[in-house]
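Student: Quick one: this structure, given as structure tokens, is what I'll be asking you about.
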Amino acid sequence: MDISKPYFNPEIETMERGELDALIEERVRYTVKYAAENSLFYRKWFEKHGVKPGDIKTHEDLQELPVISGKTIRENQPPEIKDFMFKSVGWKDVFTIHETSGTSGTPKSFFLTWADWERYAEKYARIFRSQGFGPGDRVVICASYGMNVGANTMTLAARQLGMSIIPEGKCTFPLRVIETYRPTGIVGSVFKLLNLARRMKAEGLVPEESGINKLVVGGESFADESRNYLSEIWGCPVYNTYGSTEGTMCGECSEITGLHVPEDFVHLDVYDPHLKNFVPDGDCGRIVLSTLLPVGAKAGNLLLNYDTDDTTVVLTRKTCSCGRTHMKIMTPQREAETFWIEGTPFNRVDVERGVFQKGNMDYLTGEYEAFLYGGEDEGETTLRVSMECENPDTCDRDLIKENFIRSFLKYKYPLSRAYEDSTFKILFNFTGPRGLELYKIKGRPKRLVDRR
């Protein structure tokens with residue numbers, strides 16, 4: 001690979017919009033045909049809905065198909081029924097089997113061929129390359145190598161780019177790894193990377209002088225304020241990626257102005273489930289994705305109009321300053337982390353933004369958790385925010401409260417009125433290191449919990 005070129009697959013990544021749209025529609029036609037011929041689910045689904053696969057020829061035709069969900073997948077696999085209806089190859093072509101986390105019920109099963117893995121790897125190789133990674137980079141992967149596809153996808157992508165991977169899996173690895181191998185990048189969550197920086201400082205190591213020149217955060221949405229703080233601590237850019245077992249894989253380029261979607265492999269639309277309609281670019285809604293196969297290719301699983309339960313906005317389809325022509329989306333947020341008070345929605349990221357306000361981080365570690373109590377039928381709703389302090393005795397609590405409230409209520413006018421009327425209250429709790437409830441719970445911590 002020519003390291004002077006900022007693209008992994010320049011022909012595709014910089015393809016003129018008209019040509020790219022034509023390629024997408026060619027793949028829409030082939031993928032729908034493949035689904036009808038190879039997926040038991042889609043064969044019956046097309047018949048049930050009176051869809052003639054040959055009639056699906058364009059992006060607009062694809063939007064006319066019904067939207068499916070994770071519930072649809074679970075209802076069409078064991079233990080609900082005998083067969084895996086979404087599997088679209090014979091067992092001899094299945095290379096690996098994967099499951100989602102199962103946090104919302106029975107895990108969804110996915111079957112990947114080696115060709116699926118090659119496509120997954122290319123998607124991530126494009127992301128890595130757009131962030132400046134290339135031959136000679138040494139990257140620590142702090143992501144699970146189990147049923148989750150993310151870590152393996154990044155590892156395969158690194159092979160394509162001539163990068164070296166240090167497959168730690170967790171961010172609790174010994175600090176000698178950084179001193180001995182001098183990695184140039186780390187992939188992990190915001191909080192894992194903040195904790196790693198704290199461990200280093202405690203041992204007399206300076207994160208900014210460690211040789212790390214790029215951080216990649218994947219697997220969760222985060223506030224720009226927490227990104228900026230993380231970047232300041234490490235002295236390098238922090239890039240965002242978004243991926244799923246279903247094969248999404250979007251990522252920020254060096255411009256950091258939205259996540260590029262690999263439109264030749266994944267068709268992404270934005271859907272409003274309340275209006276039961278797709279929305280135009282610039283409007284917020286749920287990510288609905290469709291697999292796109294190159295003509296002649298096979299897929300272990302494929303999905304058409306699959307509702308991910310994550311929300312985003314299509315920012316632009318114009319050519320990026322980096323030269324890529326593929327559209328960009330806003331950082332996706334999990335709808336499961338969005339809650340409503342007084343008819344106003346807010347997300348966990350809004351809470352995180354309030355925590356990481358400038359000035360607050362002179363006293364806080366960044367670790368937080370929040371709980372909702374009461375309810376409008378009880379006359380008031382309370383948001384209780386707990387924040388971890390470096391030193392509770394010297395923490396400027398009034399400053400932090402003021403910064404949080406100003407940030408959280410900004411642009412939320414109904415919520416702001418409810419706060420003034422005392423029908424919505426925000427209470428604060430400050431703890432010392434490791435004083436939060438989340439430290440006592442195994443597994444991925446929930447930062448915002450509805451206890452109404």
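Chain identifiers are assigned as A, B, and so on, following the order in which chains appear in the structure tokens; residues are numbered from 1 within each chain, and ligands are numbered from 1 in order of appearance.
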Each residue of range 235-300 of chain A with at least one atom at most 7 Å from range 123-130 of chain A should appear once, together with its nearest atom pair and the corresponding distance in Å (one decimal); atoms considered: only C-alpha atoms; ordering: chain, then increasing residue number; output as CSV.

Tutor:
```
residue,atom,partner,partner_atom,distance
A:Met249,CA,A:Lys123,CA,6.3
A:Gly251,CA,A:Ile127,CA,5.4
A:Glu252,CA,A:Ile127,CA,7.0
A:Cys253,CA,A:Ser130,CA,4.6
A:Ser254,CA,A:Ser130,CA,6.1
A:Pro262,CA,A:Lys123,CA,6.6
```

Student: Hey, what's within 12 Å of Asp421 in chain A if we count only C-alpha atoms and toss same-chain stuff fewer than 4 positions away? As a list in words, please?

Tutor: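 My reading of the contact set: Glu342, Gly379, Glu380, Thr381, Pro414, Leu415, Ser416, Arg417 and Lys425 of chain A.
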
Student: Pull N, CA and C atoms from the residues just selected and write them as a tab-separated table (two decimals), in the first residue's frame.

Tutor:
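File written: out_28.tsv
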```tsv
chain	number	residue	atom	x	y	z
A	342	GLU	N	-41.45	15.68	30.41
A	342	GLU	CA	-42.21	16.85	29.98
A	342	GLU	C	-42.26	16.96	28.45
A	379	GLY	N	-46.27	14.33	39.98
A	379	GLY	CA	-46.12	15.77	40.12
A	379	GLY	C	-44.71	16.29	39.92
A	380	GLU	N	-43.71	15.41	39.98
A	380	GLU	CA	-42.35	15.86	39.74
A	380	GLU	C	-41.47	14.68	39.31
A	381	THR	N	-40.43	15.01	38.57
A	381	THR	CA	-39.42	14.03	38.14
A	381	THR	C	-38.07	14.52	38.61
A	414	PRO	N	-38.94	23.18	27.22
A	414	PRO	CA	-39.97	22.65	28.15
A	414	PRO	C	-39.35	22.12	29.44
A	415	LEU	N	-38.20	21.51	29.34
A	415	LEU	CA	-37.52	20.97	30.51
A	415	LEU	C	-37.00	22.11	31.39
A	416	SER	N	-36.53	23.15	30.74
A	416	SER	CA	-36.05	24.32	31.48
A	416	SER	C	-37.18	24.98	32.27
A	417	ARG	N	-38.38	25.07	31.66
A	417	ARG	CA	-39.55	25.63	32.36
A	417	ARG	C	-39.95	24.74	33.54
A	425	LYS	N	-36.51	18.27	38.88
A	425	LYS	CA	-35.40	18.63	39.76
A	425	LYS	C	-34.14	17.87	39.36
```

Student: Just the strand (DSSP E or B) stuff from range 94-288 of chain A, please, per backbone DSSP, written as a ChimeraX atom specification.

Tutor: /A:96-99,109-112,138-141,164-166,185-188,214-218,238-242,250-252,259-260,266-272,277-278,284-288

Student: Quick one: residues within 7 Å of range 147-153 of chain A, only C-alpha atoms, excluding same-chain residues fewer than 2 positions away - as a list in words?

Tutor: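 Non-adjacent residues within range: His98, Glu99, Thr100, Tyr120, Ala121, Tyr124, Ile141, Ala143, Ser144, Tyr145, Thr155, Leu156, Ala157 and Thr245 of chain A.
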
Student: Once you have the residues from the selection above, write them out as a PDB file, in the first residue's frame, restricted to N, CA and C atoms.

Tutor:
```pdb
ATOM      1  N   HIS A  98     -21.705 -15.897  15.148  1.00  0.00           N
ATOM      2  CA  HIS A  98     -21.647 -14.822  16.142  1.00  0.00           C
ATOM      3  C   HIS A  98     -23.016 -14.569  16.746  1.00  0.00           C
ATOM      4  N   GLU A  99     -22.998 -14.023  17.958  1.00  0.00           N
ATOM      5  CA  GLU A  99     -24.227 -13.611  18.623  1.00  0.00           C
ATOM      6  C   GLU A  99     -24.071 -12.190  19.121  1.00  0.00           C
ATOM      7  N   THR A 100     -25.181 -11.457  19.133  1.00  0.00           N
ATOM      8  CA  THR A 100     -25.183 -10.147  19.767  1.00  0.00           C
ATOM      9  C   THR A 100     -25.198 -10.348  21.272  1.00  0.00           C
ATOM     10  N   TYR A 120     -15.990  -6.978   5.701  1.00  0.00           N
ATOM     11  CA  TYR A 120     -15.927  -6.286   6.988  1.00  0.00           C
ATOM     12  C   TYR A 120     -14.544  -5.645   7.159  1.00  0.00           C
ATOM     13  N   ALA A 121     -13.494  -6.412   6.845  1.00  0.00           N
ATOM     14  CA  ALA A 121     -12.129  -5.912   7.015  1.00  0.00           C
ATOM     15  C   ALA A 121     -11.870  -4.710   6.116  1.00  0.00           C
ATOM     16  N   TYR A 124     -13.315  -1.542   7.616  1.00  0.00           N
ATOM     17  CA  TYR A 124     -12.537  -0.979   8.716  1.00  0.00           C
ATOM     18  C   TYR A 124     -11.168  -0.505   8.246  1.00  0.00           C
ATOM     19  N   ILE A 141      -5.632  -3.080  20.843  1.00  0.00           N
ATOM     20  CA  ILE A 141      -7.080  -3.250  20.732  1.00  0.00           C
ATOM     21  C   ILE A 141      -7.646  -3.601  22.102  1.00  0.00           C
ATOM     22  N   ALA A 143     -10.824  -4.269  23.006  1.00  0.00           N
ATOM     23  CA  ALA A 143     -12.194  -4.674  22.699  1.00  0.00           C
ATOM     24  C   ALA A 143     -12.240  -6.200  22.708  1.00  0.00           C
ATOM     25  N   SER A 144     -13.402  -6.741  23.014  1.00  0.00           N
ATOM     26  CA  SER A 144     -13.554  -8.177  23.186  1.00  0.00           C
ATOM     27  C   SER A 144     -13.283  -8.954  21.900  1.00  0.00           C
ATOM     28  N   TYR A 145     -12.578 -10.063  22.034  1.00  0.00           N
ATOM     29  CA  TYR A 145     -12.341 -10.967  20.907  1.00  0.00           C
ATOM     30  C   TYR A 145     -13.284 -12.167  20.949  1.00  0.00           C
ATOM     31  N   THR A 155      -8.529  -6.358  13.534  1.00  0.00           N
ATOM     32  CA  THR A 155      -7.299  -7.130  13.381  1.00  0.00           C
ATOM     33  C   THR A 155      -7.091  -7.536  11.919  1.00  0.00           C
ATOM     34  N   LEU A 156      -8.150  -7.974  11.266  1.00  0.00           N
ATOM     35  CA  LEU A 156      -8.049  -8.317   9.846  1.00  0.00           C
ATOM     36  C   LEU A 156      -7.756  -7.078   9.000  1.00  0.00           C
ATOM     37  N   ALA A 157      -8.372  -5.956   9.358  1.00  0.00           N
ATOM     38  CA  ALA A 157      -8.119  -4.716   8.627  1.00  0.00           C
ATOM     39  C   ALA A 157      -6.657  -4.305   8.746  1.00  0.00           C
ATOM     40  N   THR A 245     -22.469  -6.041  14.657  1.00  0.00           N
ATOM     41  CA  THR A 245     -22.392  -7.382  14.090  1.00  0.00           C
ATOM     42  C   THR A 245     -23.122  -7.433  12.753  1.00  0.00           C
TER      43      THR A 245
END
```

Student: Give me, as a ChimeraX atom specification, all polymer residues having an atom no more than 7 Å from range 59-71 of chain A, counting only C-alpha atoms and skipping those fewer than 2 positions away in the same chain.

Tutor: /A:25,56-57,73-75,305-308

Student: So that I can check the surroundings of Phe84 in chain A, please list as a list in words every protein, DNA and RNA residue that reaches within 10 Å of it, counting only C-alpha atoms and ignoring chain neighbours fewer than 5 positions away.

Tutor: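 Once the nearby chain positions are removed, what remains is Ser39, Leu40, Phe41, Ile73, Arg74, Glu75, Asn76, Gln77, Pro78, Pro79, Ser109, Phe110, Phe111 and Asn301 of chain A.
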
Student: Would you output that residue set with N, CA and C atoms, as a PDB file, in the first residue's frame?

Tutor:
```
ATOM      1  N   SER A  39     -32.313 -16.924   1.085  1.00  0.00           N
ATOM      2  CA  SER A  39     -32.744 -16.733   2.467  1.00  0.00           C
ATOM      3  C   SER A  39     -34.164 -17.264   2.631  1.00  0.00           C
ATOM      4  N   LEU A  40     -34.334 -18.223   3.524  1.00  0.00           N
ATOM      5  CA  LEU A  40     -35.667 -18.767   3.771  1.00  0.00           C
ATOM      6  C   LEU A  40     -36.605 -17.672   4.270  1.00  0.00           C
ATOM      7  N   PHE A  41     -36.065 -16.772   5.109  1.00  0.00           N
ATOM      8  CA  PHE A  41     -36.899 -15.701   5.637  1.00  0.00           C
ATOM      9  C   PHE A  41     -37.402 -14.807   4.515  1.00  0.00           C
ATOM     10  N   ILE A  73     -35.651 -10.962  13.827  1.00  0.00           N
ATOM     11  CA  ILE A  73     -34.580 -11.958  13.744  1.00  0.00           C
ATOM     12  C   ILE A  73     -34.762 -13.015  14.819  1.00  0.00           C
ATOM     13  N   ARG A  74     -35.022 -12.569  16.072  1.00  0.00           N
ATOM     14  CA  ARG A  74     -35.163 -13.536  17.172  1.00  0.00           C
ATOM     15  C   ARG A  74     -36.354 -14.465  16.978  1.00  0.00           C
ATOM     16  N   GLU A  75     -37.404 -13.963  16.341  1.00  0.00           N
ATOM     17  CA  GLU A  75     -38.581 -14.796  16.099  1.00  0.00           C
ATOM     18  C   GLU A  75     -38.359 -15.815  14.987  1.00  0.00           C
ATOM     19  N   ASN A  76     -37.266 -15.666  14.266  1.00  0.00           N
ATOM     20  CA  ASN A  76     -36.998 -16.548  13.133  1.00  0.00           C
ATOM     21  C   ASN A  76     -35.707 -17.347  13.306  1.00  0.00           C
ATOM     22  N   GLN A  77     -35.464 -17.753  14.546  1.00  0.00           N
ATOM     23  CA  GLN A  77     -34.312 -18.592  14.873  1.00  0.00           C
ATOM     24  C   GLN A  77     -34.648 -19.399  16.130  1.00  0.00           C
ATOM     25  N   PRO A  78     -33.870 -20.450  16.440  1.00  0.00           N
ATOM     26  CA  PRO A  78     -34.077 -21.153  17.706  1.00  0.00           C
ATOM     27  C   PRO A  78     -33.888 -20.184  18.879  1.00  0.00           C
ATOM     28  N   PRO A  79     -34.625 -20.341  19.998  1.00  0.00           N
ATOM     29  CA  PRO A  79     -35.545 -21.464  20.256  1.00  0.00           C
ATOM     30  C   PRO A  79     -36.969 -21.232  19.754  1.00  0.00           C
ATOM     31  N   SER A 109     -28.494 -14.387  16.227  1.00  0.00           N
ATOM     32  CA  SER A 109     -27.425 -15.190  15.635  1.00  0.00           C
ATOM     33  C   SER A 109     -27.063 -14.661  14.255  1.00  0.00           C
ATOM     34  N   PHE A 110     -25.749 -14.639  13.978  1.00  0.00           N
ATOM     35  CA  PHE A 110     -25.262 -14.206  12.673  1.00  0.00           C
ATOM     36  C   PHE A 110     -24.212 -15.183  12.167  1.00  0.00           C
ATOM     37  N   PHE A 111     -24.232 -15.424  10.866  1.00  0.00           N
ATOM     38  CA  PHE A 111     -23.344 -16.390  10.229  1.00  0.00           C
ATOM     39  C   PHE A 111     -22.509 -15.666   9.175  1.00  0.00           C
ATOM     40  N   ASN A 301     -25.383 -14.010   6.188  1.00  0.00           N
ATOM     41  CA  ASN A 301     -26.617 -13.349   6.606  1.00  0.00           C
ATOM     42  C   ASN A 301     -26.773 -12.102   5.764  1.00  0.00           C
TER      43      ASN A 301
END
```

Student: Take CA of Ile178 in chain A and CA of Glu209 in chain A and report the distance between them in Å, one decimal.

Tutor: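 Computed distance, CA of Ile178 in chain A to CA of Glu209 in chain A, equals 10.8 Å.
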
Student: As JSON, numbers by chain, please: the residues near Asn213 in chain A (cut-off 9 Å, only C-alpha atoms, same-chain neighbours under 6 positions excluded).

Tutor: {"A": [183, 184, 185, 186, 234, 235, 236, 237]}

Student: Go ahead and save the picked residues with C-alpha atoms, as a PDB file, in the first residue's frame.

Tutor:
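That gives us out-v3.pdb:
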```
ATOM      1  CA  PRO A 183       2.221   1.565  20.381  1.00  0.00           C
ATOM      2  CA  THR A 184       1.137   4.475  18.200  1.00  0.00           C
ATOM      3  CA  GLY A 185      -2.610   4.031  18.724  1.00  0.00           C
ATOM      4  CA  ILE A 186      -5.191   2.524  21.070  1.00  0.00           C
ATOM      5  CA  TRP A 234      -3.383  12.218  25.635  1.00  0.00           C
ATOM      6  CA  GLY A 235      -2.244  15.103  23.453  1.00  0.00           C
ATOM      7  CA  CYS A 236      -3.547  13.543  20.228  1.00  0.00           C
ATOM      8  CA  PRO A 237      -6.710  13.367  18.085  1.00  0.00           C
TER       9      PRO A 237
END
```

Student: For a quick check of understanding, using only C-alpha atoms, which of A:Glu246, A:Phe265, A:Thr382, A:Met85 has the smallest distance to Lys44 in chain A?

Tutor: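 Distance minimum relative to Lys44 in chain A lands on A:Met85.
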
Student: Residues of range 209-282 of chain A that approach range 193-201 of chain A to 12 Å or less, counting only C-alpha atoms: could you list each one with the shortest pair of atoms and its distance in Å to one decimal, rows by chain and increasing residue number, as JSON lines?

Tutor:
```
{"residue": "A:Glu209", "atom": "CA", "partner": "A:Met200", "partner_atom": "CA", "distance": 10.9}
{"residue": "A:Ser210", "atom": "CA", "partner": "A:Met200", "partner_atom": "CA", "distance": 9.5}
{"residue": "A:Ile212", "atom": "CA", "partner": "A:Ala197", "partner_atom": "CA", "distance": 11.3}
{"residue": "A:Lys214", "atom": "CA", "partner": "A:Leu193", "partner_atom": "CA", "distance": 11.7}
{"residue": "A:Leu215", "atom": "CA", "partner": "A:Leu193", "partner_atom": "CA", "distance": 8.5}
{"residue": "A:Val216", "atom": "CA", "partner": "A:Leu193", "partner_atom": "CA", "distance": 9.6}
{"residue": "A:Val217", "atom": "CA", "partner": "A:Leu193", "partner_atom": "CA", "distance": 8.8}
{"residue": "A:Gly218", "atom": "CA", "partner": "A:Leu193", "partner_atom": "CA", "distance": 11.5}
{"residue": "A:Ser226", "atom": "CA", "partner": "A:Leu194", "partner_atom": "CA", "distance": 9.7}
{"residue": "A:Arg227", "atom": "CA", "partner": "A:Leu194", "partner_atom": "CA", "distance": 10.3}
{"residue": "A:Asn228", "atom": "CA", "partner": "A:Leu194", "partner_atom": "CA", "distance": 11.8}
{"residue": "A:Tyr229", "atom": "CA", "partner": "A:Leu194", "partner_atom": "CA", "distance": 9.1}
{"residue": "A:Leu230", "atom": "CA", "partner": "A:Leu194", "partner_atom": "CA", "distance": 6.6}
{"residue": "A:Ser231", "atom": "CA", "partner": "A:Leu194", "partner_atom": "CA", "distance": 9.9}
{"residue": "A:Glu232", "atom": "CA", "partner": "A:Leu194", "partner_atom": "CA", "distance": 10.7}
{"residue": "A:Ile233", "atom": "CA", "partner": "A:Ala197", "partner_atom": "CA", "distance": 7.4}
{"residue": "A:Trp234", "atom": "CA", "partner": "A:Ala197", "partner_atom": "CA", "distance": 7.4}
{"residue": "A:Gly235", "atom": "CA", "partner": "A:Ala197", "partner_atom": "CA", "distance": 11.1}
{"residue": "A:Val238", "atom": "CA", "partner": "A:Leu193", "partner_atom": "CA", "distance": 10.5}
```

Student: If we count only C-alpha atoms and set the cut-off at 8 Å, which residues sit around Thr248 in chain A, ignoring sequence neighbours fewer than 3 positions away in its own chain? Please answer as a VMD selection string.

Tutor: chain A and resid 242 to 245 261 266 289

Student: For the selection you just gave me, I'd like the residues written to a file as a tab-separated table (two decimals), in the first residue's frame, keeping N, CA and C atoms.

Tutor:
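Written file, out-v3.tsv:
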```
chain	number	residue	atom	x	y	z
A	242	TYR	N	-18.31	3.61	14.49
A	242	TYR	CA	-19.61	3.01	14.83
A	242	TYR	C	-19.72	1.72	14.03
A	243	GLY	N	-19.91	0.62	14.72
A	243	GLY	CA	-20.03	-0.66	14.02
A	243	GLY	C	-20.98	-1.59	14.72
A	244	SER	N	-21.30	-2.68	14.06
A	244	SER	CA	-22.23	-3.65	14.63
A	244	SER	C	-21.99	-5.00	13.99
A	245	THR	N	-22.47	-6.04	14.66
A	245	THR	CA	-22.39	-7.38	14.09
A	245	THR	C	-23.12	-7.43	12.75
A	261	VAL	N	-20.06	6.68	5.74
A	261	VAL	CA	-20.76	5.39	5.59
A	261	VAL	C	-20.20	4.70	4.34
A	266	VAL	N	-22.96	-0.95	2.51
A	266	VAL	CA	-24.06	-0.80	3.46
A	266	VAL	C	-24.97	0.33	2.99
A	289	LEU	N	-30.64	-0.11	8.03
A	289	LEU	CA	-29.57	-0.51	7.12
A	289	LEU	C	-29.97	-1.71	6.28
```

Student: Hey, can you check how far CA of Glu367 in chain A sits from CA of Glu390 in chain A?

Tutor: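 Here the two named atoms are 10.3 Å from each other.
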
Student: Looking at A:Arg27, A:Arg384, A:Lys192, A:Lys298, which one is nearest to Thr113 in chain A, with distances taken over only C-alpha atoms?

Tutor: A:Lys298

Student: Rank nothing, just name the residue among A:Lys87, A:Lys52, A:Arg317, A:Arg444 nearest to Asn38 in chain A, using only C-alpha atoms.

Tutor: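 Smallest separation from Asn38 in chain A among the options: A:Lys87.
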
Student: Looking only at the backbone, which of the residues in range 269-366 of chain A does DSSP tag as alpha helix (DSSP H), as a list in words?

Tutor: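 Filtering range 269-366 of chain A down to alpha helix (DSSP H) leaves Arg348, Val349, Asp350, Val351, Glu352, Arg353, Gly354 and Val355 of chain A.
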
Student: For the selection just defined, write its residues with N, CA and C atoms to a file, as a PDB file, in the first residue's frame.

Tutor:
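Contents of result-v5.pdb, freshly written:
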```pdb
ATOM      1  N   ARG A 348     -28.313   9.856  27.216  1.00  0.00           N
ATOM      2  CA  ARG A 348     -27.170   9.738  28.132  1.00  0.00           C
ATOM      3  C   ARG A 348     -26.053  10.719  27.757  1.00  0.00           C
ATOM      4  N   VAL A 349     -25.869  10.945  26.457  1.00  0.00           N
ATOM      5  CA  VAL A 349     -24.808  11.845  26.006  1.00  0.00           C
ATOM      6  C   VAL A 349     -25.024  13.263  26.534  1.00  0.00           C
ATOM      7  N   ASP A 350     -26.293  13.675  26.712  1.00  0.00           N
ATOM      8  CA  ASP A 350     -26.579  14.998  27.266  1.00  0.00           C
ATOM      9  C   ASP A 350     -26.087  15.095  28.711  1.00  0.00           C
ATOM     10  N   VAL A 351     -26.233  13.993  29.457  1.00  0.00           N
ATOM     11  CA  VAL A 351     -25.733  13.963  30.832  1.00  0.00           C
ATOM     12  C   VAL A 351     -24.205  14.028  30.819  1.00  0.00           C
ATOM     13  N   GLU A 352     -23.605  13.241  29.933  1.00  0.00           N
ATOM     14  CA  GLU A 352     -22.140  13.221  29.835  1.00  0.00           C
ATOM     15  C   GLU A 352     -21.594  14.599  29.476  1.00  0.00           C
ATOM     16  N   ARG A 353     -22.285  15.284  28.585  1.00  0.00           N
ATOM     17  CA  ARG A 353     -21.867  16.627  28.184  1.00  0.00           C
ATOM     18  C   ARG A 353     -21.826  17.563  29.400  1.00  0.00           C
ATOM     19  N   GLY A 354     -22.837  17.445  30.268  1.00  0.00           N
ATOM     20  CA  GLY A 354     -22.870  18.282  31.462  1.00  0.00           C
ATOM     21  C   GLY A 354     -21.740  17.987  32.420  1.00  0.00           C
ATOM     22  N   VAL A 355     -21.376  16.714  32.522  1.00  0.00           N
ATOM     23  CA  VAL A 355     -20.284  16.312  33.416  1.00  0.00           C
ATOM     24  C   VAL A 355     -18.954  16.876  32.923  1.00  0.00           C
TER      25      VAL A 355
END
```

Student: When you count only C-alpha atoms, which of these residues is closest to Ala297 in chain A: A:Leu315, A:Cys389, A:Val89, A:Ile24?

Tutor: A:Val89

Student: Report, in Å to a single decimal, how far apart CA of Leu448 in chain A and CA of Ala202 in chain A are.

Tutor: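 Straight-line distance from CA of Ala202 in chain A to CA of Leu448 in chain A works out to 29.0 Å.
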
Student: Pick out the closest residue to Arg397 in chain A from this set: A:Val288, A:Leu161, A:Leu427, A:Ala336. Count only C-alpha atoms.

Tutor: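 Using only C-alpha atoms, the shortest distance to Arg397 in chain A belongs to A:Leu427.
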
Student: With distances taken over only C-alpha atoms, which residue among A:Gly296, A:Gly323, A:Gly343, A:Pro273 lies nearest Thr14 in chain A?

Tutor: A:Gly323
